[in-house]
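Colleague: Mind having a look at this structure? Questions to follow.
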Amino acid sequence: ISSLIMFAAVLVLYRGFFARSKPHWWEVGVVGVLTGASLYISPYTFTFLGCVIGVSCVWFFVTRDYVRAIRTMYTGIIALVLLIPFFINYIELRASDGFAELAMRQGLITDHRPILSIWLIIMLGCAIFLWPKVYAKSRTFFIVMIAVLWILTNQHVLTGLILHPSHYHWYITKPLLSVMLGMYAAFLLRYFFKRQYLRIGIAIAILFVL
């Protein structure tokens, strides 16, 4: 369920905020609601989507794309409104007598050593230097998502609190890597096989194997 929410939000975010110059208001609402709701299912999905919204907003402001920047801000505001019940419960939880013992059972450890992800290095290198022109509109979006994964897997360098980075690796990095590989496979099929029925047949064969 968390993956469905994440990819639904990512798809709407890309199509509305990166593929077009001006996102529709319903896209602003959908991304905001999905991001806020994701915290009640998976903190990893929520932190990823939340950081993607934040970094995207900064990027739009830096590039002076104020229409998309402001609508991205509205997306974040909608997500924050949906978090009000969560924070109320969290405040009550911290006031509980058993909170200290509960925190010790979560398996959280303290460390400041950075984590180097080979896959993120490869993905970033491909997005910057080997990105097909046919996918030009999505290039910045993938760079933003990869940058967010760098931030999330190394946030403990500043905070000292490791939030199980393997969850980001398996549930977000690997699926995004698979999406990128699929895009490269589609590009190569178009390049080497000019006849559409051949491309469709090969794609069906690959999907059947998967």
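Chain lettering (A, B, ...) mirrors the order of the structure tokens, residue numbering begins at 1 for each chain separately, and ligand numbering begins at 1 in order of display.
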With DSSP run on the backbone, what are the helix (DSSP H, G or I) residues within segment 97-146 of chain A? I'd like them as number ranges by chain.
Modeller: A: 99-104, 118-129, 133-146
Colleague: Okay, now the selection with N, CA, C and O atoms, as a compact mmCIF listing (two decimals), in the first residue's frame?
Modeller:
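Dumped everything to again-v7.txt:
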```txt
# COMPACT_ATOMS: atom_id res chain seq x y z
N PHE A 99 6.97 6.12 27.52
CA PHE A 99 7.58 6.52 26.26
C PHE A 99 9.07 6.20 26.21
O PHE A 99 9.57 5.73 25.19
N ALA A 100 9.79 6.42 27.30
CA ALA A 100 11.23 6.16 27.32
C ALA A 100 11.52 4.69 27.05
O ALA A 100 12.42 4.34 26.28
N GLU A 101 10.73 3.82 27.69
CA GLU A 101 10.94 2.38 27.48
C GLU A 101 10.57 1.99 26.05
O GLU A 101 11.25 1.17 25.42
N LEU A 102 9.51 2.61 25.52
CA LEU A 102 9.10 2.32 24.14
C LEU A 102 10.19 2.73 23.15
O LEU A 102 10.50 1.99 22.21
N ALA A 103 10.78 3.90 23.36
CA ALA A 103 11.82 4.39 22.46
C ALA A 103 13.02 3.45 22.43
O ALA A 103 13.65 3.26 21.38
N MET A 104 13.34 2.84 23.57
CA MET A 104 14.48 1.92 23.63
C MET A 104 14.21 0.66 22.84
O MET A 104 15.14 -0.01 22.38
N ILE A 118 26.38 2.94 -3.63
CA ILE A 118 26.88 2.77 -4.98
C ILE A 118 25.75 2.98 -6.00
O ILE A 118 25.94 3.59 -7.05
N TRP A 119 24.55 2.47 -5.66
CA TRP A 119 23.43 2.60 -6.59
C TRP A 119 23.06 4.06 -6.80
O TRP A 119 22.74 4.48 -7.92
N LEU A 120 23.07 4.85 -5.74
CA LEU A 120 22.73 6.27 -5.88
C LEU A 120 23.78 7.00 -6.72
O LEU A 120 23.44 7.91 -7.48
N ILE A 121 25.05 6.61 -6.57
CA ILE A 121 26.10 7.21 -7.39
C ILE A 121 25.87 6.89 -8.87
O ILE A 121 25.95 7.76 -9.74
N ILE A 122 25.54 5.62 -9.16
CA ILE A 122 25.29 5.20 -10.54
C ILE A 122 24.07 5.92 -11.10
O ILE A 122 24.09 6.44 -12.23
N MET A 123 23.00 5.98 -10.31
CA MET A 123 21.77 6.62 -10.76
C MET A 123 21.98 8.10 -11.03
O MET A 123 21.52 8.64 -12.04
N LEU A 124 22.72 8.77 -10.13
CA LEU A 124 22.97 10.20 -10.32
C LEU A 124 23.85 10.44 -11.54
O LEU A 124 23.61 11.37 -12.32
N GLY A 125 24.87 9.60 -11.73
CA GLY A 125 25.73 9.73 -12.90
C GLY A 125 24.96 9.55 -14.20
O GLY A 125 25.15 10.30 -15.16
N CYS A 126 24.05 8.56 -14.22
CA CYS A 126 23.24 8.33 -15.41
C CYS A 126 22.30 9.50 -15.67
O CYS A 126 22.12 9.92 -16.83
N ALA A 127 21.68 10.02 -14.61
CA ALA A 127 20.74 11.13 -14.78
C ALA A 127 21.43 12.40 -15.27
O ALA A 127 20.84 13.18 -16.02
N ILE A 128 22.68 12.59 -14.86
CA ILE A 128 23.40 13.81 -15.25
C ILE A 128 24.08 13.67 -16.60
O ILE A 128 24.00 14.56 -17.46
N PHE A 129 24.75 12.53 -16.83
CA PHE A 129 25.61 12.41 -18.01
C PHE A 129 25.06 11.50 -19.11
O PHE A 129 25.45 11.64 -20.27
N LYS A 133 17.70 12.12 -24.50
CA LYS A 133 17.02 13.39 -24.77
C LYS A 133 15.50 13.22 -24.83
O LYS A 133 14.76 14.18 -24.55
N VAL A 134 15.05 12.02 -25.16
CA VAL A 134 13.61 11.79 -25.25
C VAL A 134 12.94 11.93 -23.89
O VAL A 134 11.74 12.18 -23.79
N TYR A 135 13.73 11.78 -22.81
CA TYR A 135 13.19 11.91 -21.45
C TYR A 135 13.65 13.22 -20.79
O TYR A 135 13.76 13.29 -19.57
N ALA A 136 13.88 14.23 -21.59
CA ALA A 136 14.45 15.48 -21.07
C ALA A 136 13.60 16.10 -19.97
O ALA A 136 14.13 16.65 -19.00
N LYS A 137 12.28 16.00 -20.08
CA LYS A 137 11.41 16.63 -19.08
C LYS A 137 11.52 15.99 -17.71
O LYS A 137 11.27 16.64 -16.69
N SER A 138 11.89 14.72 -17.67
CA SER A 138 11.94 14.00 -16.39
C SER A 138 13.33 14.03 -15.75
O SER A 138 13.49 13.55 -14.63
N ARG A 139 14.30 14.58 -16.43
CA ARG A 139 15.67 14.54 -15.93
C ARG A 139 15.81 15.24 -14.58
O ARG A 139 16.35 14.67 -13.62
N THR A 140 15.33 16.47 -14.49
CA THR A 140 15.42 17.22 -13.24
C THR A 140 14.67 16.51 -12.12
O THR A 140 15.14 16.47 -10.98
N PHE A 141 13.54 15.93 -12.44
CA PHE A 141 12.73 15.24 -11.43
C PHE A 141 13.49 14.06 -10.84
O PHE A 141 13.48 13.85 -9.62
N PHE A 142 14.16 13.28 -11.67
CA PHE A 142 14.92 12.15 -11.17
C PHE A 142 16.12 12.62 -10.36
O PHE A 142 16.47 12.01 -9.34
N ILE A 143 16.77 13.69 -10.79
CA ILE A 143 17.89 14.23 -10.01
C ILE A 143 17.41 14.68 -8.64
O ILE A 143 18.08 14.45 -7.62
N VAL A 144 16.23 15.30 -8.59
CA VAL A 144 15.66 15.72 -7.30
C VAL A 144 15.41 14.51 -6.41
O VAL A 144 15.77 14.52 -5.22
N MET A 145 14.82 13.45 -6.95
CA MET A 145 14.53 12.27 -6.14
C MET A 145 15.80 11.59 -5.65
O MET A 145 15.87 11.12 -4.51
N ILE A 146 16.81 11.54 -6.50
CA ILE A 146 18.08 10.93 -6.09
C ILE A 146 18.74 11.77 -5.01
O ILE A 146 19.28 11.24 -4.03
```
Colleague: Skipping near chain neighbours, those fewer than 3 positions away, what residues fall within 7 Å of Tyr44 of chain A using only C-alpha atoms, listed as a ChimeraX atom specification?
Modeller: /A:47-48,168
Colleague: Extract the full set of strand (DSSP E or B) residues from segment 23-182 of chain A according to DSSP on the backbone, and format it as a list of chain:residue names.
Modeller: A:Ile109, A:Thr110, A:Leu161, A:Ile162
Colleague: Smallest atom-to-atom distance to Val157 of chain A: which of A:Ala186, A:Met73, A:Leu116, A:Leu82, using only C-alpha atoms?
Modeller: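 Between A:Ala186, A:Met73, A:Leu116, A:Leu82, the residue approaching Val157 of chain A most closely is A:Leu116.
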Colleague: Please list as a PyMOL selection string every residue within 8 Å of Ile41 of chain A, counting only C-alpha atoms and excluding residues in the same chain fewer than 3 positions away.
Modeller: chain A and resi 1-2+37-38
Colleague: Compare A:Ser117, A:Tyr184, A:Tyr171, A:Ile78 by their minimum atom-to-atom distance to Leu130 of chain A, counting only C-alpha atoms, and give me the closest one.
Modeller: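 Under the stated criterion, the closest residue is A:Tyr184.
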Colleague: Quick one: residues within 9 Å of segment 49-66 of chain A, only C-alpha atoms, excluding same-chain residues fewer than 3 positions away - as a ChimeraX atom specification?
Modeller: /A:6,9-10,13,17,21,31,34-36,38,44-46,69-73,75-76,79,141,144-145,147-149,151-152
Colleague: Between atom CA of Phe18 of chain A and atom CA of Ile5 of chain A, what is the distance in Å, rounded to a tenth?
Modeller: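 Result for atom CA of Phe18 of chain A versus atom CA of Ile5 of chain A: 18.8 Å, one decimal.
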Colleague: Record the distance separating atom CA of Ile172 of chain A and atom CA of Ile115 of chain A, expressed in Å with one decimal.
Modeller: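 Separation between atom CA of Ile172 of chain A and atom CA of Ile115 of chain A: 16.0 Å.
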Colleague: Here is a test: counting only C-alpha atoms, which residue of A:Pro114, A:Lys194, A:His169, A:Ala185 is nearest to Leu207 of chain A?
Modeller: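 Nearest to Leu207 of chain A: A:Ala185.
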Colleague: With distances taken over only C-alpha atoms, which residue among A:Trp25, A:Tyr40, A:Phe7, A:Leu163 lies nearest Tyr90 of chain A?
Modeller: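 That would be A:Tyr40, the residue with the smallest distance to Tyr90 of chain A.
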Colleague: For His156 of chain A, which residue out of A:Leu176, A:Ile91, A:Val12, A:Ile109 is the nearest one, using only C-alpha atoms?
Modeller: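 Ranking A:Leu176, A:Ile91, A:Val12, A:Ile109 by distance to His156 of chain A, first place goes to A:Ile109.
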